[in-house]
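S.K.: I am sharing upload-v5.cif, which consists of mmCIF, C-alpha atoms:
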```
data_entry
loop_
_atom_site.label_atom_id
_atom_site.label_comp_id
_atom_site.auth_asym_id
_atom_site.auth_seq_id
_atom_site.Cartn_x
_atom_site.Cartn_y
_atom_site.Cartn_z
CA MET A 1 0.00 0.00 0.00
CA MET A 2 1.15 3.52 -0.76
CA ASP A 3 2.49 5.47 2.24
CA ILE A 4 0.89 8.85 1.64
CA ARG A 5 2.72 10.30 4.64
CA ALA A 6 6.02 9.69 2.87
CA VAL A 7 4.62 11.34 -0.26
CA TRP A 8 3.58 14.44 1.68
CA ALA A 9 6.98 14.59 3.38
CA SER A 10 8.77 14.46 0.00
CA LEU A 11 6.99 17.51 -1.43
CA PRO A 12 9.03 20.74 -1.68
CA ARG A 13 7.91 23.68 0.43
CA PRO A 14 9.64 26.77 -1.03
CA ALA A 15 9.68 29.80 1.26
CA GLY A 16 7.30 32.53 0.19
CA GLN A 17 5.28 30.30 -2.16
CA THR A 18 1.52 29.88 -1.81
CA GLY A 19 -0.96 27.34 -3.12
CA TRP A 20 -0.74 23.60 -3.67
CA GLN A 21 2.44 21.58 -4.12
CA VAL A 22 1.29 18.24 -5.55
CA ILE A 23 2.43 14.90 -6.87
CA ALA A 24 0.30 12.45 -8.85
CA ILE A 25 -0.61 9.13 -7.23
CA HIS A 26 -2.64 6.15 -8.49
CA PRO A 27 -1.60 6.44 -12.16
CA GLU A 28 -4.05 3.64 -13.01
CA ALA A 29 -7.01 5.96 -12.35
CA HIS A 30 -8.92 7.55 -15.25
CA PHE A 31 -8.59 11.07 -13.78
CA PRO A 32 -5.89 12.90 -11.79
CA ILE A 33 -5.52 11.95 -8.12
CA MET A 34 -2.83 13.83 -6.21
CA ALA A 35 -1.30 14.11 -2.78
CA GLY A 36 -0.47 17.68 -1.88
CA VAL A 37 0.47 20.20 0.76
CA HIS A 38 -1.00 23.69 0.79
CA LEU A 39 1.47 26.51 1.36
CA PRO A 40 2.29 28.46 3.39
CA GLU A 41 0.35 26.51 6.06
CA GLY A 42 1.78 23.12 5.04
CA VAL A 43 -1.62 21.43 5.43
CA GLU A 44 -1.81 17.94 3.88
CA GLY A 45 -4.47 17.07 1.35
CA LEU A 46 -5.83 14.59 -1.18
CA LEU A 47 -6.87 16.20 -4.47
CA VAL A 48 -9.08 14.81 -7.24
CA ASP A 49 -9.58 16.71 -10.51
CA VAL A 50 -12.82 16.02 -12.41
CA PRO A 51 -14.75 17.65 -15.28
CA ALA A 52 -17.38 20.16 -14.23
CA ASP A 53 -20.21 17.96 -15.50
CA ALA A 54 -19.17 15.17 -13.10
CA MET A 55 -20.19 17.29 -10.12
CA PRO A 56 -23.75 16.67 -8.84
CA ALA A 57 -26.01 19.70 -8.49
CA GLY A 58 -26.52 21.09 -5.00
CA VAL A 59 -23.92 18.84 -3.41
CA GLU A 60 -23.33 19.23 0.33
CA TYR A 61 -19.73 18.60 1.30
CA PRO A 62 -19.10 16.55 4.44
CA GLU A 63 -16.84 17.83 7.20
CA ALA A 64 -15.68 16.77 10.63
CA SER A 65 -13.29 17.99 13.28
CA GLY A 66 -10.43 16.14 11.57
CA PHE A 67 -10.98 17.11 7.92
CA GLU A 68 -12.85 19.29 5.45
CA VAL A 69 -13.84 18.96 1.80
CA THR A 70 -13.87 21.97 -0.53
CA PRO A 71 -14.12 22.41 -4.32
CA GLU A 72 -11.79 24.63 -6.33
CA ARG A 73 -12.58 25.74 -9.87
CA LEU A 74 -9.55 25.22 -12.15
CA GLY A 75 -10.44 28.06 -14.48
CA ARG A 76 -12.74 31.03 -14.84
CA THR A 77 -15.80 29.49 -16.49
CA ARG A 78 -18.57 27.21 -15.25
CA SER A 79 -17.26 24.48 -17.56
CA SER A 80 -13.76 24.57 -16.07
CA PRO A 81 -12.64 21.39 -14.28
CA VAL A 82 -13.17 21.15 -10.53
CA ARG A 83 -10.57 20.09 -7.98
CA ILE A 84 -12.08 18.39 -4.93
CA CYS A 85 -9.75 19.02 -1.99
CA LEU A 86 -9.84 16.77 1.07
CA THR A 87 -7.64 18.51 3.65
CA ARG A 88 -6.72 17.86 7.25
CA GLY A 89 -8.42 20.12 9.76
CA GLY A 90 -6.46 22.05 12.35
CA ARG A 91 -7.31 19.57 15.12
CA GLY A 92 -7.07 16.50 12.92
CA ASN A 93 -4.75 13.68 13.93
CA PRO A 94 -2.10 13.43 11.15
CA ASP A 95 -1.81 9.64 11.34
CA LEU A 96 -5.57 9.09 11.21
CA PHE A 97 -5.95 11.58 8.37
CA ALA A 98 -3.30 9.65 6.41
CA ILE A 99 -5.33 6.45 6.87
CA LEU A 100 -8.47 8.29 5.74
CA ALA A 101 -6.75 9.78 2.67
CA GLU A 102 -5.25 6.45 1.58
CA ASP A 103 -8.60 4.72 2.00
CA VAL A 104 -10.48 7.39 0.02
CA ALA A 105 -7.81 7.47 -2.71
CA MET A 106 -8.04 3.71 -3.28
CA ARG A 107 -11.83 3.86 -3.40
CA VAL A 108 -11.79 6.74 -5.90
CA ALA A 109 -9.06 5.21 -8.08
CA SER A 110 -11.15 2.07 -8.64
CA GLN A 111 -14.00 3.99 -10.29
CA PRO A 112 -14.43 3.74 -14.08
CA ASP A 113 -15.40 7.39 -14.64
CA ALA A 114 -15.27 10.80 -13.01
CA ALA A 115 -18.95 10.88 -11.98
CA GLY A 116 -18.50 7.56 -10.19
CA ALA A 117 -15.34 8.91 -8.57
CA VAL A 118 -17.17 11.93 -7.15
CA HIS A 119 -19.97 9.73 -5.81
CA ALA A 120 -17.50 7.26 -4.26
CA LEU A 121 -15.40 10.04 -2.75
CA LEU A 122 -18.34 11.77 -1.07
CA ALA A 123 -19.92 8.51 0.12
CA ARG A 124 -16.70 7.24 1.64
CA ILE A 125 -15.95 10.54 3.33
CA ARG A 126 -19.47 10.57 4.82
CA SER A 127 -18.74 7.13 6.29
CA TRP A 128 -15.56 8.52 7.81
CA GLN A 129 -17.57 11.48 9.07
CA THR A 130 -19.85 9.07 10.97
CA PHE A 131 -16.85 7.16 12.29
CA MET A 132 -15.15 10.29 13.61
CA ARG A 133 -18.34 11.61 15.14
CA HIS A 134 -18.86 8.46 17.20
CA HIS A 135 -15.35 7.10 17.73
CA GLU A 136 -13.04 10.14 17.60
CA GLY A 137 -10.47 8.17 15.66
CA GLU A 138 -9.74 5.64 18.40
CA ARG A 139 -9.88 1.86 18.25
CA MET A 140 -13.19 0.31 19.20
CA SER A 141 -13.90 -0.32 22.87
CA GLU A 142 -14.09 -3.94 24.02
CA PRO A 143 -17.94 -3.85 24.18
CA GLU A 144 -18.03 -2.40 20.63
CA GLU A 145 -15.59 -5.07 19.45
CA THR A 146 -17.72 -7.79 21.04
CA GLY A 147 -20.90 -6.37 19.53
CA LEU A 148 -19.48 -6.21 16.00
CA ALA A 149 -18.07 -9.72 16.32
CA GLY A 150 -21.51 -10.97 17.34
CA GLU A 151 -23.20 -9.35 14.35
CA LEU A 152 -20.59 -10.75 11.94
CA LEU A 153 -20.99 -14.23 13.45
CA LEU A 154 -24.76 -13.96 13.04
CA LEU A 155 -24.28 -12.96 9.40
CA GLU A 156 -22.05 -15.96 8.86
CA ALA A 157 -23.96 -18.58 10.79
CA ALA A 158 -27.58 -17.65 10.26
CA LEU A 159 -28.22 -15.08 7.55
CA ILE A 160 -25.78 -15.54 4.69
CA PRO A 161 -26.03 -19.36 4.31
CA GLY A 162 -29.80 -19.19 3.79
CA ALA A 163 -30.11 -15.89 1.97
CA ASP A 164 -28.83 -13.93 -0.95
CA ILE A 165 -25.56 -12.32 0.22
CA ALA A 166 -26.44 -8.93 -1.20
CA MET A 167 -29.80 -8.99 0.56
CA ALA A 168 -28.14 -10.01 3.84
CA ILE A 169 -25.77 -7.04 3.67
CA ASP A 170 -28.64 -4.72 2.79
CA CYS A 171 -30.55 -6.00 5.84
CA TRP A 172 -27.66 -5.16 8.17
CA ARG A 173 -28.76 -1.67 9.18
CA GLY A 174 -27.59 -1.20 12.76
CA PRO A 175 -24.18 0.35 11.99
CA LEU A 176 -25.91 2.92 9.77
CA GLY A 177 -27.96 4.22 12.69
CA ALA A 178 -31.14 2.17 12.22
CA LEU A 179 -33.26 1.30 15.23
CA HIS A 180 -32.60 -2.45 14.94
CA ASP A 181 -29.49 -4.32 13.79
CA PHE A 182 -31.13 -6.24 10.93
CA ARG A 183 -34.35 -5.51 9.11
CA LEU A 184 -36.09 -7.11 6.15
CA GLY A 185 -39.43 -5.58 5.35
CA GLN A 186 -41.49 -5.60 8.54
CA VAL A 187 -39.30 -8.15 10.33
CA ALA A 188 -36.38 -6.98 12.49
CA ILE A 189 -33.63 -8.64 14.54
CA GLU A 190 -31.88 -7.04 17.49
CA VAL A 191 -28.52 -8.71 18.22
CA LYS A 192 -26.90 -9.01 21.63
CA ALA A 193 -23.50 -10.68 21.93
CA THR A 194 -22.17 -11.76 25.30
CA ALA A 195 -19.30 -13.76 26.70
CA SER A 196 -20.72 -13.60 30.21
CA PRO A 197 -21.89 -16.84 31.87
CA ARG A 198 -24.88 -14.95 33.27
CA ASN A 199 -28.21 -15.68 31.61
CA SER A 200 -29.05 -12.02 31.13
CA ILE A 201 -28.32 -9.31 28.60
CA ARG A 202 -28.13 -5.53 28.83
CA ILE A 203 -30.69 -3.43 26.92
CA THR A 204 -29.41 0.11 26.50
CA SER A 205 -32.49 1.94 25.20
CA PHE A 206 -36.26 1.88 25.50
CA ASP A 207 -36.38 1.58 21.68
CA GLN A 208 -34.32 -1.60 21.22
CA LEU A 209 -37.14 -4.02 22.06
CA ASP A 210 -40.00 -1.89 20.73
CA ASP A 211 -41.85 -3.79 18.01
CA SER A 212 -44.15 -0.90 17.03
CA GLY A 213 -44.75 -0.91 13.28
CA LEU A 214 -43.25 -4.38 12.84
CA SER A 215 -44.91 -7.68 12.07
CA ALA A 216 -42.19 -9.45 14.09
CA LEU A 217 -39.20 -8.51 16.23
CA PHE A 218 -36.65 -11.10 17.32
CA LEU A 219 -33.89 -10.83 19.89
CA ALA A 220 -30.85 -12.86 18.78
CA VAL A 221 -28.51 -13.67 21.65
CA VAL A 222 -25.06 -14.74 20.45
CA ARG A 223 -23.29 -16.58 23.27
CA LEU A 224 -19.57 -16.14 22.60
CA GLY A 225 -16.70 -18.38 23.52
CA THR A 226 -13.39 -16.54 23.74
CA GLY A 227 -9.83 -17.79 23.40
CA THR A 228 -10.77 -19.88 20.36
CA GLY A 229 -12.27 -19.04 17.00
CA ARG A 230 -11.28 -15.99 14.94
CA THR A 231 -10.20 -12.46 15.72
CA LEU A 232 -12.33 -9.53 14.62
CA PRO A 233 -10.07 -8.81 11.59
CA GLU A 234 -10.34 -12.48 10.59
CA LEU A 235 -14.14 -12.30 10.84
CA VAL A 236 -14.11 -9.14 8.72
CA ASP A 237 -11.83 -10.70 6.09
CA ARG A 238 -14.05 -13.80 5.91
CA GLN A 239 -17.12 -11.67 5.18
CA ARG A 240 -15.23 -9.62 2.61
CA THR A 241 -14.21 -12.84 0.85
CA ARG A 242 -17.82 -14.04 0.79
CA VAL A 243 -19.13 -10.74 -0.51
CA ARG A 244 -16.45 -10.51 -3.21
CA ALA A 245 -17.34 -14.01 -4.38
CA GLY A 246 -21.13 -13.73 -4.18
CA ALA A 247 -22.02 -10.05 -4.45
CA PRO A 248 -18.99 -7.96 -5.50
CA THR A 249 -21.14 -4.87 -6.04
CA HIS A 250 -21.86 -4.89 -2.28
CA GLU A 251 -18.24 -4.76 -1.15
CA HIS A 252 -18.51 -1.00 -0.66
CA ALA A 253 -21.74 -1.44 1.30
CA LEU A 254 -20.00 -3.90 3.62
CA ASP A 255 -17.07 -1.52 4.12
CA GLU A 256 -19.47 1.34 4.84
CA ARG A 257 -21.11 -0.65 7.62
CA LEU A 258 -17.78 -1.73 9.10
CA LEU A 259 -16.46 1.81 9.16
CA SER A 260 -19.70 3.18 10.62
CA ALA A 261 -19.45 0.53 13.34
CA GLY A 262 -15.97 1.85 14.18
CA TYR A 263 -13.77 -0.71 12.41
CA VAL A 264 -10.70 0.64 10.59
CA GLY A 265 -8.34 -1.82 8.93
CA ALA A 266 -5.28 0.06 10.17
CA HIS A 267 -6.28 -0.86 13.73
CA ALA A 268 -6.45 -4.60 12.92
CA PRO A 269 -3.29 -5.53 14.90
CA LEU A 270 -4.95 -4.10 18.03
CA TYR A 271 -7.80 -6.65 17.94
CA THR A 272 -6.37 -9.92 19.23
CA ARG A 273 -9.32 -11.44 21.11
CA ARG A 274 -10.82 -14.52 19.47
CA PHE A 275 -14.53 -15.22 19.14
CA VAL A 276 -16.67 -18.21 18.34
CA ALA A 277 -20.46 -18.46 18.47
CA GLU A 278 -21.15 -21.26 20.95
CA THR A 279 -24.91 -20.78 20.65
CA ILE A 280 -27.32 -18.41 18.91
CA ARG A 281 -30.80 -18.29 20.43
CA TYR A 282 -33.77 -16.35 19.09
CA TYR A 283 -36.55 -14.90 21.23
CA ARG A 284 -39.79 -13.51 19.80
CA VAL A 285 -40.30 -10.08 21.35
CA GLY A 286 -43.88 -9.05 22.02
CA ALA A 287 -46.62 -9.26 24.63
CA GLY A 288 -45.31 -11.05 27.70
CA PHE A 289 -41.63 -10.59 26.89
CA PRO A 290 -39.77 -8.76 29.71
CA ARG A 291 -38.98 -5.28 28.36
CA LEU A 292 -39.35 -1.55 28.88
CA ILE A 293 -40.59 0.54 25.95
CA ARG A 294 -41.51 4.19 25.72
CA SER A 295 -45.24 3.59 25.59
CA THR A 296 -45.21 1.77 28.94
CA VAL A 297 -42.66 3.64 31.09
CA PRO A 298 -44.01 6.37 33.39
CA ASP A 299 -44.19 9.94 32.09
CA GLY A 300 -41.02 11.84 32.83
CA VAL A 301 -38.68 8.87 32.36
CA ALA A 302 -36.71 9.90 29.29
CA GLU A 303 -34.22 7.08 28.84
CA GLY A 304 -32.72 4.11 30.64
CA ALA A 305 -30.80 0.85 30.46
CA TYR A 306 -31.80 -2.43 32.08
CA ASP A 307 -30.96 -6.13 32.20
CA VAL A 308 -33.29 -8.81 30.87
CA GLU A 309 -33.12 -12.29 32.36
CA LEU A 310 -33.57 -14.86 29.63
CA ARG A 311 -35.45 -18.08 30.16
CA VAL A 312 -34.00 -20.82 27.99
#
```
Spell out the structure here as structure tokens.
M.R.:
Amino acid sequence: MMDIRAVWASLPRPAGQTGWQVIAIHPEAHFPIMAGVHLPEGVEGLLVDVPADAMPAGVEYPEASGFEVTPERLGRTRSSPVRICLTRGGRGNPDLFAILAEDVAMRVASQPDAAGAVHALLARIRSWQTFMRHHEGERMSEPEETGLAGELLLLEAALIPGADIAMAIDCWRGPLGALHDFRLGQVAIEVKATASPRNSIRITSFDQLDDSGLSALFLAVVRLGTGTGRTLPELVDRQRTRVRAGAPTHEHALDERLLSAGYVGAHAPLYTRRFVAETIRYYRVGAGFPRLIRSTVPDGVAEGAYDVELRV
């Protein structure tokens, strides 16, 4: 993989000069992709030049505390090419921004045309925007790691073998901010992964077990064994292999969900715990199931977390 930090470091920074100092990267791409530093500030950036007609109308550019995206017109007319500049923000971590820039550059370089490149660039940056908003650039916490491992194991053991792979990935909505982890039509699944020997699970919101508007809601409890099985990066790689083989057009959708969940490939060496699904049990959630939902809690109780004891 290209080390974009080394590329930035190699760029000249003449005293008194202003504007971009750039060098082309990804020569296989169908449009210019460059690493650059903006003088006199010396701010690092990833630059993509595209024809004016590749830019969507009324586009809103994503931004976060660690980066910003701005367009620059490379000429004086409306038909002049546009340079999309992804630059590190003043408070942005340089190492994390390098990971972001390399990831976006690879995604953009794989596109067959400029319009696809613009779409891929903005979509990927929005995924990073979500990641930075919720994870601040750090590795996932152990509960987040356990939760993602449980969802990947459910995909592998229960959903993908019996379903179209593309449909299974489309159903995985939790990382994108949906109310429930998986949803197909009016049926939803909420996943809870635990390595605890206790026969209870933690519910962190009054909405998680609310079946309003659904024909069926299931709670899937993934009982994890640790010390054996696969690490989180190995689980991720296994799903990527399956998607590439069975639904290659959904590889980006899988990556979007992983990033939104907080998983960044550069952090893979930090995830060494091993997981295996010892059991997966499903519980139909509805009348009689022990739960707290907004329509039944007393007025004035805004939010809460609670434990549910499961009867096998």
S.K.: Between atom CA of Ala120 of chain A and atom CA of Phe182 of chain A, what distance in Å does the model show, to one decimal?
M.R.: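 Atom CA of Phe182 of chain A lies at a distance of 24.5 Å from atom CA of Ala120 of chain A.
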S.K.: So that I can check the surroundings of Thr249 of chain A, please list as a list in words every protein, DNA and RNA residue that reaches within 12 Å of it, counting all atoms listed in the file and ignoring chain neighbours fewer than 2 positions away.
M.R.: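 Everything that qualifies: Ile165, Ala166, Met167, Ile169, Asp170, Arg240, Arg242, Val243, Arg244, Ala245, Gly246, Ala247, Glu251, His252, Ala253, Leu254 and Asp255 of chain A.
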S.K.: For Glu72 of chain A, which of A:Arg88, A:Val48, A:Gly150, A:Glu60 is the closest residue, counting all atoms listed in the file?
M.R.: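 That would be A:Val48, the residue with the smallest distance to Glu72 of chain A.
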S.K.: Counting only C-alpha atoms, which residue out of A:Ala98, A:Val285, A:Ala149, A:Val236 sits closest to Ser215 of chain A?
M.R.: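 Nearest to Ser215 of chain A: A:Val285.
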S.K.: Using atom CA of Pro71 of chain A and atom CA of Arg83 of chain A as the two end points, give the distance in Å to one decimal.
M.R.: 5.6 Å
S.K.: How many Å separate atom CA of Met55 of chain A from atom CA of Pro112 of chain A?
M.R.: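 That distance, rounded to one decimal, is 15.2 Å.
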S.K.: Using the chain letters and numbers from the file, give me the residues hit by the PyMOL selection byres ((chain A and resi 114) around 12), as a ChimeraX atom specification.
M.R.: /A:29-33,48-56,81-84,108-113,115-121
S.K.: Using the chain letters and numbers from this file, what does the PyMOL selection byres ((chain A and resi 287) around 12) select? Give the answer as a ChimeraX atom specification.
M.R.: /A:209-212,216-217,284-286,288-293,296
